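The file work_17.cif comes next; it holds mmCIF, C-alpha atoms.
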data_final
loop_
_atom_site.label_atom_id
_atom_site.label_comp_id
_atom_site.auth_asym_id
_atom_site.auth_seq_id
_atom_site.Cartn_x
_atom_site.Cartn_y
_atom_site.Cartn_z
CA MET A 194 17.74 15.80 11.19
CA ASN A 195 17.52 14.60 7.67
CA HIS A 196 14.14 13.02 6.99
CA ARG A 197 14.08 11.35 3.63
CA PRO A 198 10.57 10.56 2.49
CA ILE A 199 9.53 6.92 2.83
CA THR A 200 9.23 5.34 -0.60
CA GLU A 201 7.54 2.22 -1.91
CA ASP A 202 11.00 0.64 -2.14
CA ASP A 203 11.55 1.33 1.55
CA LEU A 204 8.35 -0.49 2.39
CA HIS A 205 9.45 -3.59 0.47
CA GLY A 206 12.91 -3.32 1.96
CA TYR A 207 11.23 -3.24 5.34
CA VAL A 208 9.26 -6.39 4.56
CA ASP A 209 12.42 -8.11 3.31
CA ARG A 210 14.44 -6.80 6.27
CA ILE A 211 17.27 -5.41 4.23
CA LEU A 212 17.16 -1.81 5.43
CA GLU A 213 19.84 -0.23 7.54
CA PRO A 214 18.74 -0.27 11.19
CA GLU A 215 18.29 3.50 11.14
CA ARG A 216 16.06 3.40 8.10
CA GLN A 217 14.17 0.43 9.51
CA ALA A 218 13.41 2.57 12.58
CA GLU A 219 12.24 5.46 10.39
CA VAL A 220 9.89 3.19 8.48
CA THR A 221 8.58 1.75 11.74
CA ALA A 222 7.82 5.26 12.98
CA TYR A 223 6.16 6.12 9.67
CA LEU A 224 3.98 3.02 9.86
CA GLY A 225 2.93 4.02 13.34
CA ASP A 226 1.52 7.24 11.89
CA HIS A 227 -0.06 5.62 8.84
CA PRO A 228 -2.26 2.70 9.83
CA ASP A 229 -3.45 2.05 6.26
CA VAL A 230 0.09 1.62 5.01
CA ALA A 231 0.93 -0.41 8.10
CA LYS A 232 -1.90 -2.79 7.30
CA ARG A 233 -0.62 -3.28 3.76
CA VAL A 234 2.92 -3.84 4.94
CA ALA A 235 1.71 -6.33 7.54
CA ALA A 236 -0.11 -8.21 4.77
CA PHE A 237 3.08 -8.31 2.67
CA THR A 238 5.01 -9.57 5.68
CA ASP A 239 2.44 -12.34 6.16
CA GLN A 240 2.71 -13.28 2.49
CA ARG A 241 6.44 -13.50 2.76
CA ARG A 242 6.39 -15.59 5.91
CA GLU A 243 3.71 -17.98 4.69
CA SER A 244 5.09 -18.57 1.21
CA SER A 245 8.59 -19.07 2.51
CA ARG A 246 7.54 -21.41 5.29
CA THR A 247 5.30 -23.44 3.03
CA ALA A 248 7.88 -23.83 0.30
CA ARG A 249 10.47 -24.83 2.84
CA ASP A 250 8.18 -27.24 4.60
CA GLY A 251 7.84 -29.01 1.29
CA LEU A 252 4.08 -28.95 1.33
CA GLN A 253 2.39 -29.73 -1.91
CA TRP A 254 2.36 -27.02 -4.51
CA PRO A 255 -0.86 -26.71 -6.40
CA GLY A 256 -0.68 -28.69 -9.58
CA GLY A 257 2.56 -30.33 -8.61
CA ARG A 258 3.39 -33.27 -6.43
CA TRP A 259 5.69 -32.04 -3.80
CA ARG A 260 6.82 -34.32 -1.02
CA GLN A 261 3.69 -35.33 0.80
CA CYS A 262 3.32 -34.24 4.35
CA SER A 263 3.53 -37.32 6.54
CA CYS A 264 1.77 -35.76 9.49
CA MET B 1393 36.01 -30.20 -9.17
CA LYS B 1394 35.86 -30.97 -5.50
CA ASP B 1395 35.52 -27.27 -4.82
CA MET B 1396 32.58 -27.16 -7.20
CA LEU B 1397 30.79 -30.04 -5.52
CA LEU B 1398 31.25 -28.44 -2.15
CA GLN B 1399 29.74 -25.20 -3.32
CA VAL B 1400 26.99 -26.51 -5.56
CA GLU B 1401 25.62 -29.46 -3.66
CA PRO B 1402 24.13 -27.55 -0.70
CA LEU B 1403 22.25 -25.37 -3.18
CA ILE B 1404 20.47 -28.18 -5.00
CA PRO B 1405 17.39 -28.26 -2.71
CA ALA B 1406 16.88 -24.52 -3.24
CA LEU B 1407 17.23 -24.93 -7.00
CA ARG B 1408 14.63 -27.71 -6.97
CA ARG B 1409 12.28 -25.68 -4.81
CA TYR B 1410 12.55 -22.69 -7.12
CA ALA B 1411 12.17 -24.73 -10.30
CA ARG B 1412 9.13 -26.61 -9.01
CA ALA B 1413 7.42 -23.47 -7.83
CA LEU B 1414 8.16 -21.70 -11.07
CA VAL B 1415 7.24 -24.31 -13.66
CA ARG B 1416 4.71 -26.15 -11.49
CA ASN B 1417 5.49 -29.51 -12.95
CA ARG B 1418 7.73 -31.66 -10.88
CA ALA B 1419 9.20 -33.78 -13.65
CA ASN B 1420 9.97 -30.77 -15.84
CA ALA B 1421 11.40 -28.92 -12.87
CA ASP B 1422 13.70 -31.76 -11.92
CA ASP B 1423 14.87 -32.02 -15.52
CA LEU B 1424 15.61 -28.31 -15.50
CA VAL B 1425 17.69 -28.66 -12.36
CA GLN B 1426 19.57 -31.55 -13.92
CA ASP B 1427 20.28 -29.48 -17.05
CA CYS B 1428 21.30 -26.58 -14.86
CA LEU B 1429 23.80 -28.71 -12.97
CA GLU B 1430 25.24 -30.08 -16.19
CA ARG B 1431 25.72 -26.57 -17.52
CA ALA B 1432 27.24 -25.48 -14.25
CA VAL B 1433 29.80 -28.26 -14.48
CA GLY B 1434 30.65 -27.27 -18.05
CA ARG B 1435 30.94 -23.59 -17.26
CA TRP B 1436 32.41 -23.68 -13.80
CA GLN B 1437 35.72 -22.15 -14.91
CA GLN B 1438 33.96 -19.38 -16.82
CA ARG B 1439 31.90 -18.02 -13.95
CA ARG B 1440 32.91 -14.53 -12.94
CA ASP B 1441 32.41 -13.44 -9.36
CA GLY B 1442 32.15 -15.52 -6.24
CA ASN B 1443 28.37 -15.59 -5.91
CA VAL B 1444 27.69 -19.17 -6.89
CA ARG B 1445 24.07 -19.06 -5.73
CA ALA B 1446 23.03 -16.19 -8.00
CA TRP B 1447 25.03 -17.72 -10.84
CA LEU B 1448 23.25 -21.08 -10.53
CA PHE B 1449 19.83 -19.47 -10.21
CA SER B 1450 20.45 -17.46 -13.35
CA ILE B 1451 21.39 -20.59 -15.33
CA LEU B 1452 18.26 -22.28 -14.02
CA HIS B 1453 16.05 -19.32 -14.73
CA ASN B 1454 17.28 -19.02 -18.31
CA LEU B 1455 16.55 -22.70 -18.87
CA ALA B 1456 13.06 -22.23 -17.44
CA VAL B 1457 12.41 -19.25 -19.69
CA ASP B 1458 13.54 -21.29 -22.70
CA GLN B 1459 11.10 -23.97 -21.68
CA PHE B 1460 8.26 -21.45 -21.31
CA ARG B 1461 9.00 -20.19 -24.83
CA LYS B 1462 9.00 -23.68 -26.30
CA THR B 1463 5.77 -24.48 -24.50
CA ALA B 1464 4.21 -21.26 -25.75
CA ALA B 1465 5.35 -22.04 -29.31
CA ARG B 1466 3.63 -25.42 -29.15
CA GLY B 1467 0.34 -23.71 -28.46
CA ARG B 1468 -1.77 -23.36 -25.43
CA HIS B 1469 -0.48 -26.14 -23.28
CA VAL B 1470 -0.47 -25.66 -19.58
CA ALA B 1471 2.24 -27.55 -17.80
CA ILE B 1472 0.70 -29.07 -14.74
CA ASP B 1473 0.73 -32.52 -13.27
CA GLU B 1474 -2.38 -34.61 -13.37
CA THR B 1475 -3.09 -33.32 -9.91
CA SER B 1476 -5.67 -30.60 -10.35
CA GLU B 1477 -6.72 -27.83 -8.07
CA GLY B 1478 -9.61 -30.07 -7.16
CA ASP B 1479 -7.25 -32.39 -5.34
CA PHE B 1480 -5.82 -29.38 -3.73
CA GLY B 1481 -9.22 -28.29 -2.49
CA GLU B 1482 -9.80 -31.63 -0.80
CA ALA B 1483 -7.14 -30.74 1.71
CA ALA B 1484 -9.50 -28.05 2.93
CA ALA B 1485 -10.38 -30.03 6.02
CA GLN B 1486 -7.01 -29.34 7.48
CA GLU B 1487 -7.52 -25.69 7.87
CA HIS B 1488 -4.25 -24.69 9.32
CA ARG B 1489 -2.27 -26.29 6.55
CA LEU B 1490 -4.68 -25.01 3.98
CA MET B 1491 -4.06 -21.47 5.04
CA TYR B 1492 -0.43 -21.86 4.07
CA GLN B 1493 -1.13 -23.88 0.97
CA ASP B 1494 -3.56 -21.22 -0.06
CA VAL B 1495 -0.80 -18.65 -0.29
CA LEU B 1496 1.02 -20.88 -2.74
CA ASN B 1497 -2.16 -21.54 -4.63
CA LYS B 1498 -2.63 -17.81 -5.05
CA LEU B 1499 1.02 -17.29 -5.85
CA ALA B 1500 0.73 -19.79 -8.67
CA LYS B 1501 -1.83 -17.51 -10.31
CA LEU B 1502 0.61 -14.67 -10.73
CA PRO B 1503 2.29 -14.02 -14.09
CA GLU B 1504 5.56 -15.93 -14.30
CA GLU B 1505 7.71 -12.80 -14.19
CA GLN B 1506 6.09 -11.65 -10.95
CA ARG B 1507 6.17 -15.13 -9.46
CA ALA B 1508 9.89 -15.45 -10.22
CA VAL B 1509 10.72 -12.23 -8.38
CA LEU B 1510 8.67 -13.17 -5.34
CA LEU B 1511 10.18 -16.64 -5.15
CA LEU B 1512 13.73 -15.37 -5.44
CA VAL B 1513 13.31 -12.56 -2.93
CA ALA B 1514 10.80 -13.90 -0.43
CA VAL B 1515 11.50 -17.63 -0.48
CA GLU B 1516 15.14 -17.88 -1.50
CA ASP B 1517 16.23 -14.71 0.28
CA LEU B 1518 18.21 -13.32 -2.63
CA SER B 1519 19.15 -9.67 -2.42
CA TYR B 1520 17.45 -7.36 -4.90
CA ALA B 1521 20.77 -7.01 -6.72
CA ASP B 1522 21.17 -10.79 -7.01
CA ALA B 1523 17.58 -11.22 -8.14
CA ALA B 1524 18.27 -8.60 -10.82
CA LYS B 1525 21.32 -10.57 -11.92
CA VAL B 1526 19.40 -13.82 -12.06
CA LEU B 1527 16.56 -12.32 -14.08
CA ASN B 1528 18.88 -10.14 -16.15
CA ILE B 1529 16.85 -7.01 -15.47
CA PRO B 1530 17.68 -3.73 -13.69
CA VAL B 1531 17.16 -3.54 -9.93
CA GLY B 1532 14.46 -0.92 -10.50
CA THR B 1533 12.50 -3.47 -12.51
CA VAL B 1534 12.91 -6.02 -9.72
CA MET B 1535 11.41 -3.48 -7.35
CA SER B 1536 8.46 -2.63 -9.57
CA ARG B 1537 7.72 -6.30 -10.26
CA LEU B 1538 8.02 -7.10 -6.58
CA SER B 1539 5.59 -4.34 -5.77
CA ARG B 1540 3.09 -5.47 -8.42
CA ALA B 1541 3.48 -9.09 -7.36
CA ARG B 1542 2.72 -8.33 -3.74
CA GLU B 1543 -0.27 -6.16 -4.60
CA ARG B 1544 -1.60 -8.79 -6.95
CA LEU B 1545 -1.04 -11.61 -4.47
CA GLN B 1546 -2.87 -9.62 -1.83
CA GLN B 1547 -5.79 -9.12 -4.19
CA GLU B 1548 -5.82 -12.86 -4.81
CA ILE B 1549 -5.78 -13.53 -1.08
CA GLU B 1550 -8.57 -11.07 -0.41
CA GLY B 1551 -10.52 -12.32 -3.39
CA THR B 1552 -10.68 -8.94 -5.09
CA VAL B 1553 -9.22 -9.96 -8.44
CA ASP B 1554 -11.72 -9.58 -11.26
CA THR B 1555 -9.92 -11.74 -13.83
CA THR B 1556 -9.44 -14.86 -11.75
CA PRO B 1557 -8.60 -17.83 -13.96
CA THR B 1558 -10.90 -20.79 -13.40
CA ASN B 1559 -8.97 -24.00 -12.89
CA VAL B 1560 -6.25 -23.32 -15.41
CA VAL B 1561 -3.23 -21.31 -14.50
CA PRO B 1562 -1.35 -19.65 -17.35
CA ILE B 1563 2.36 -20.11 -17.05
CA ARG B 1564 3.20 -17.48 -19.60
CA SER B 1565 3.77 -13.96 -18.48
CA GLU B 1566 1.14 -11.40 -19.30
CA LYS B 1567 2.69 -8.84 -21.56
#

Could you spell out this file's structure in structure tokens?
Amino acid sequence: MNHRPITEDDLHGYVDRILEPERQAEVTAYLGDHPDVAKRVAAFTDQRRESSRTARDGLQWPGGRWRQCSC
Amino acid sequence: MKDMLLQVEPLIPALRRYARALVRNRANADDLVQDCLERAVGRWQQRRDGNVRAWLFSILHNLAVDQFRKTAARGRHVAIDETSEGDFGEAAAQEHRLMYQDVLNKLAKLPEEQRAVLLLVAVEDLSYADAAKVLNIPVGTVMSRLSRARERLQQEIEGTVDTTPTNVVPIRSEK
């Protein structure tokens, strides 16, 4: 078995879901063994989800008038 | 021409979203998108590969960078609408929405070069290679900026940044 070390780039690739399935699985296993790194990666995943969703929902950007939410 | 419209039109909302998030001034952003579309029309035959999205984003990004330079040359002018962060804070009552808005508020505090990478990768779903093309930097630089941007954003979210700007957000990159 060829275990390449998990790099910083792998972690971002994991957050952005662009890794090959095999590598994705390796990172997942690695995160299971490294709770501190897992916490950081989870935070990055939250950032990604929230910023993407907010921008797409068209909520107001700070300092700029985006389409107002009509809810 | 018809081919161009078919390919470009669906991308206009994404271009607007990116421009507004990057320059943080709606009128300027919409002007940039307009300029971008005009250039795209003029240069449609000259574009090289088939990736229209990355090509359009790179035209737009170059225009935005030009605008940042002009703004910087005019002195310390911060391009924001009259809406201040104070208005933004008033939305605090609606906690759920605020939580999301807060991420954008924090994101806006990042240096422009870091913000651009995050917006292209995390919001617009560009590949690292396409983001590199748009920003005209090597992929390795995309990765290092992405990493710094995420760390910095997390510090902003957790409130552990020591040099937090008050109510003014610099739009120039920190060299």

Which residues are near range 1438-1448 of chain B? Cut-off 10 Å, all atoms listed in the file, ignore same chain within fewer than 3 positions. Put them as a PDB file with C-alpha atoms, in the coordinates of the input.
ATOM      1  CA  MET B1396      32.580 -27.160  -7.200  1.00  0.00           C
ATOM      2  CA  GLN B1399      29.740 -25.200  -3.320  1.00  0.00           C
ATOM      3  CA  VAL B1400      26.990 -26.510  -5.560  1.00  0.00           C
ATOM      4  CA  PRO B1402      24.130 -27.550  -0.700  1.00  0.00           C
ATOM      5  CA  LEU B1403      22.250 -25.370  -3.180  1.00  0.00           C
ATOM      6  CA  ILE B1404      20.470 -28.180  -5.000  1.00  0.00           C
ATOM      7  CA  ALA B1406      16.880 -24.520  -3.240  1.00  0.00           C
ATOM      8  CA  LEU B1407      17.230 -24.930  -7.000  1.00  0.00           C
ATOM      9  CA  VAL B1425      17.690 -28.660 -12.360  1.00  0.00           C
ATOM     10  CA  CYS B1428      21.300 -26.580 -14.860  1.00  0.00           C
ATOM     11  CA  LEU B1429      23.800 -28.710 -12.970  1.00  0.00           C
ATOM     12  CA  ARG B1431      25.720 -26.570 -17.520  1.00  0.00           C
ATOM     13  CA  ALA B1432      27.240 -25.480 -14.250  1.00  0.00           C
ATOM     14  CA  GLY B1434      30.650 -27.270 -18.050  1.00  0.00           C
ATOM     15  CA  ARG B1435      30.940 -23.590 -17.260  1.00  0.00           C
ATOM     16  CA  ILE B1451      21.390 -20.590 -15.330  1.00  0.00           C
ATOM     17  CA  LEU B1452      18.260 -22.280 -14.020  1.00  0.00           C
ATOM     18  CA  HIS B1453      16.050 -19.320 -14.730  1.00  0.00           C
ATOM     19  CA  LEU B1512      13.730 -15.370  -5.440  1.00  0.00           C
ATOM     20  CA  GLU B1516      15.140 -17.880  -1.500  1.00  0.00           C
ATOM     21  CA  LEU B1518      18.210 -13.320  -2.630  1.00  0.00           C
ATOM     22  CA  SER B1519      19.150  -9.670  -2.420  1.00  0.00           C
ATOM     23  CA  ALA B1521      20.770  -7.010  -6.720  1.00  0.00           C
ATOM     24  CA  ASP B1522      21.170 -10.790  -7.010  1.00  0.00           C
ATOM     25  CA  ALA B1523      17.580 -11.220  -8.140  1.00  0.00           C
ATOM     26  CA  ALA B1524      18.270  -8.600 -10.820  1.00  0.00           C
ATOM     27  CA  LYS B1525      21.320 -10.570 -11.920  1.00  0.00           C
ATOM     28  CA  VAL B1526      19.400 -13.820 -12.060  1.00  0.00           C
ATOM     29  CA  LEU B1527      16.560 -12.320 -14.080  1.00  0.00           C
TER      30      LEU B1527
END

**Study point:** Close residues, Ala236 in chain A itself excluded, 12 Å, all atoms listed in the file, min 3 positions apart in chain, as a ChimeraX atom specification
**Key:** /A:204-205,208,229-233,239-243 /B:1495,1542-1547,1549-1550

Practice item. Record the distance separating CA of Ala1413 in chain B and CA of Val234 in chain A, expressed in Å with one decimal. Key: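 We find that CA of Ala1413 in chain B and CA of Val234 in chain A lie 23.8 Å from each other.
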
Check your understanding: Hey, what's within 10 Å of range 218-228 of chain A if we count only C-alpha atoms and toss same-chain stuff fewer than 2 positions away? As JSON, numbers by chain, please?
Key -> {"A": [196, 197, 198, 199, 200, 203, 204, 206, 207, 212, 213, 214, 215, 216, 230, 231, 232, 233, 234, 235]}

Selection file, C-alpha atoms, as an mmCIF file, in the coordinates of the input:
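Dumped everything to part.cif:
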data_model
loop_
_atom_site.group_PDB
_atom_site.id
_atom_site.type_symbol
_atom_site.label_atom_id
_atom_site.label_comp_id
_atom_site.auth_asym_id
_atom_site.auth_seq_id
_atom_site.Cartn_x
_atom_site.Cartn_y
_atom_site.Cartn_z
ATOM 1 C CA HIS A 196 14.140 13.020 6.990
ATOM 2 C CA ARG A 197 14.080 11.350 3.630
ATOM 3 C CA PRO A 198 10.570 10.560 2.490
ATOM 4 C CA ILE A 199 9.530 6.920 2.830
ATOM 5 C CA THR A 200 9.230 5.340 -0.600
ATOM 6 C CA ASP A 203 11.550 1.330 1.550
ATOM 7 C CA LEU A 204 8.350 -0.490 2.390
ATOM 8 C CA GLY A 206 12.910 -3.320 1.960
ATOM 9 C CA TYR A 207 11.230 -3.240 5.340
ATOM 10 C CA LEU A 212 17.160 -1.810 5.430
ATOM 11 C CA GLU A 213 19.840 -0.230 7.540
ATOM 12 C CA PRO A 214 18.740 -0.270 11.190
ATOM 13 C CA GLU A 215 18.290 3.500 11.140
ATOM 14 C CA ARG A 216 16.060 3.400 8.100
ATOM 15 C CA VAL A 230 0.090 1.620 5.010
ATOM 16 C CA ALA A 231 0.930 -0.410 8.100
ATOM 17 C CA LYS A 232 -1.900 -2.790 7.300
ATOM 18 C CA ARG A 233 -0.620 -3.280 3.760
ATOM 19 C CA VAL A 234 2.920 -3.840 4.940
ATOM 20 C CA ALA A 235 1.710 -6.330 7.540
#

**Study point:** Nearest to chain A by atom-to-atom distance, counting all atoms listed in the file, from B:Arg1466, B:Arg1409, B:Arg1461, B:Arg1507
**Key:** B:Arg1409

**Study point:** Atomic separation - CA of Val1509 in chain B relative to CA of Ile211 in chain A, Å
**Key:**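 Atom-to-atom, CA of Ile211 in chain A to CA of Val1509 in chain B, that is 15.8 Å.
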
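Take CA of Thr1463 in chain B and CA of Asn1528 in chain B: the distance between them is 21.1 Å.
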
Which residues are near Ser244 in chain A? Cut-off 12 Å, all atoms listed in the file, ignore same chain within fewer than 2 positions. Put them as a compact mmCIF listing (two decimals) with C-alpha atoms, in the frame of the given file.
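Full text of out_0.txt as output:
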# COMPACT_ATOMS: atom_id res chain seq x y z
CA PHE A 237 3.08 -8.31 2.67
CA THR A 238 5.01 -9.57 5.68
CA ASP A 239 2.44 -12.34 6.16
CA GLN A 240 2.71 -13.28 2.49
CA ARG A 241 6.44 -13.50 2.76
CA ARG A 242 6.39 -15.59 5.91
CA ARG A 246 7.54 -21.41 5.29
CA THR A 247 5.30 -23.44 3.03
CA ALA A 248 7.88 -23.83 0.30
CA ARG A 249 10.47 -24.83 2.84
CA ASP A 250 8.18 -27.24 4.60
CA GLY A 251 7.84 -29.01 1.29
CA LEU A 252 4.08 -28.95 1.33
CA GLN A 253 2.39 -29.73 -1.91
CA TRP A 254 2.36 -27.02 -4.51
CA ARG B 1409 12.28 -25.68 -4.81
CA TYR B 1410 12.55 -22.69 -7.12
CA ALA B 1413 7.42 -23.47 -7.83
CA ARG B 1489 -2.27 -26.29 6.55
CA MET B 1491 -4.06 -21.47 5.04
CA TYR B 1492 -0.43 -21.86 4.07
CA GLN B 1493 -1.13 -23.88 0.97
CA ASP B 1494 -3.56 -21.22 -0.06
CA VAL B 1495 -0.80 -18.65 -0.29
CA LEU B 1496 1.02 -20.88 -2.74
CA ASN B 1497 -2.16 -21.54 -4.63
CA LYS B 1498 -2.63 -17.81 -5.05
CA LEU B 1499 1.02 -17.29 -5.85
CA ALA B 1500 0.73 -19.79 -8.67
CA ARG B 1507 6.17 -15.13 -9.46
CA LEU B 1510 8.67 -13.17 -5.34
CA LEU B 1511 10.18 -16.64 -5.15
CA LEU B 1512 13.73 -15.37 -5.44
CA VAL B 1513 13.31 -12.56 -2.93
CA ALA B 1514 10.80 -13.90 -0.43
CA VAL B 1515 11.50 -17.63 -0.48
CA GLU B 1516 15.14 -17.88 -1.50
CA ASP B 1517 16.23 -14.71 0.28
CA ARG B 1542 2.72 -8.33 -3.74
CA LEU B 1545 -1.04 -11.61 -4.47

Review point. B:Lys1462, B:Arg1416, B:Arg1537, B:Lys1501: which is nearest chain A, counting only C-alpha atoms?
Key: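 Smallest separation from chain A among the options: B:Arg1416.
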
Mind working out the centre and edge lengths of an axis-aligned box for range 220-232 of chain A, all listed atoms inside, 3 Å added to each side, rounded to one decimal in Å and written as JSON?
{"center_x": 3.2, "center_y": 2.2, "center_z": 9.2, "size_x": 19.3, "size_y": 16.0, "size_z": 14.3}
